[in-house]
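Structure, as structure tokens:
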Amino acid sequence: MPRKPEYDRDALILRARDLFWRQGWAGTSLKDLERELKLKPGSFYAAFGSKDALYALALERYAADGVTRMTALADDIGPKAALQTQPRLVAEGAEMPTKACMLAKTYAELQAKDHELADRACAHLAEMRACFAELFCRSQQAGEIGRTHDPDRLAARYQSDLLGLRLSAERNDVDALAIAEDIAADIDRL
């Protein structure tokens, strides 16, 4: 009878996500993962199969958590307020391993290598953009922003602004909170 694993798979995926998020795909070795997850090589392969398989799970978790947080924020304070609050949360981002977006970092790192994980990151970015479009649509339905705007186009611009903000927040010579306030103010003008 096979032994039941002595670890919490979900907790390991979260720890791997944070390591990958900080160090990237190429910057994270199998030894780094084994050390971070406290797994021996055989247990690692039994649990996840490969580094790429674990990375894919980490990307999926990162994206799902982002959509869940954004949706919950919108349910709590309203869609327009959530869209305006998110940039400040990104700029402050004290609890994150790094402020840059893991999906964008993965795409930038791996798309030139034609790596399958770049395609997954791109698909998850599209899921996030769809979440933003839904919130813009809900804002229109609530009369909070004008109906003449295309929610998909607003979402694409908003995502682009957030990705730029995330990179700017990594720099010491940029006032990311001021940029976050500008993004929120732009939404007020819609």
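A note on labels: chains of the structure tokens are A, B, ... as shown, every chain counts residues from 1, and ligands are counted from 1 in their shown order.
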- Item | DSSP alpha helix (DSSP H) residues within region 23-144 of chain A, as a ChimeraX atom specification | /A:23,30-37,41-48,51-77,79-92,102-110,116-141
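If you count only C-alpha atoms and ignore residues fewer than 6 places along the chain from Ala176 (chain A), what sits within 9 Å of it is Pro87, Arg88, Val90, Ala91, Glu92, Leu165, Arg166, Ser168, Ala169 and Glu170 of chain A.
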- Using only C-alpha atoms, determine which residues lie at most 6 Å from Ser139 (chain A), disregarding the query and same-chain residues fewer than 4 positions distant; provide the list as a list in words.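 So, after excluding close chain neighbours, the residues are Pro79, Lys80, Glu144 and Ile145 of chain A.
The closest residue to Ala81 (chain A), picked from A:Ser29, A:Leu12, A:Leu135, A:Trp21 and counting only C-alpha atoms, is A:Leu135.
Counting only C-alpha atoms, the residue from A:Leu54, A:Ala180, A:Cys101, A:Ala94 that sits nearest to Ala121 (chain A) is A:Cys101.
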- Message: Just the number, please: distance in Å from CA of Cys131 (chain A) to CA of Leu177 (chain A), one decimal.
- Response: 23.0 Å
- Counting only C-alpha atoms, the residue of A:Arg69, A:Arg9, A:Arg129, A:Arg147 that sits nearest Ser160 (chain A): A:Arg129
- Item | Å distance separating CA of Ala155 (chain A) from CA of Phe136 (chain A), one decimal place | 7.2 Å
- Message: When you look at Asp52 (chain A) with a cut-off of 12 Å (counting only C-alpha atoms), what residues show up, excluding the ones that are within fewer than 6 positions of it in the same chain? I need them as a PyMOL selection string.
- Response: chain A and resi 16-17+20+24-26+28-30+33+45+58-59+106+110+115-118+120
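Of the residues under consideration (A:Glu134, A:Leu125, A:Ser43, A:Arg189), A:Glu134 shows the shortest atom-to-atom contact distance to Ala74 (chain A) when counting only C-alpha atoms.
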- Message: Residues within 12 Å of Arg157 (chain A), please, as a VMD selection string. Count only C-alpha atoms; anything in the same chain fewer than 4 positions from it doesn't count.
- Response: chain A and resid 129 132 to 133 136 149 to 153 161 to 164 183 186 to 187
- Find, counting only C-alpha atoms, the residue in A:Glu36, A:Asp76, A:Glu109, A:Asp10 that gets nearest to Glu60 (chain A).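 Answer, going by the shortest atom-to-atom distance: A:Asp10.
Of the residues under consideration (A:Arg15, A:Lys40, A:Arg138, A:Arg35), A:Arg138 shows the shortest atom-to-atom contact distance to Gly78 (chain A) when counting only C-alpha atoms.
Between CA of Ala104 (chain A) and CA of Ala130 (chain A) lies a distance of 15.9 Å.
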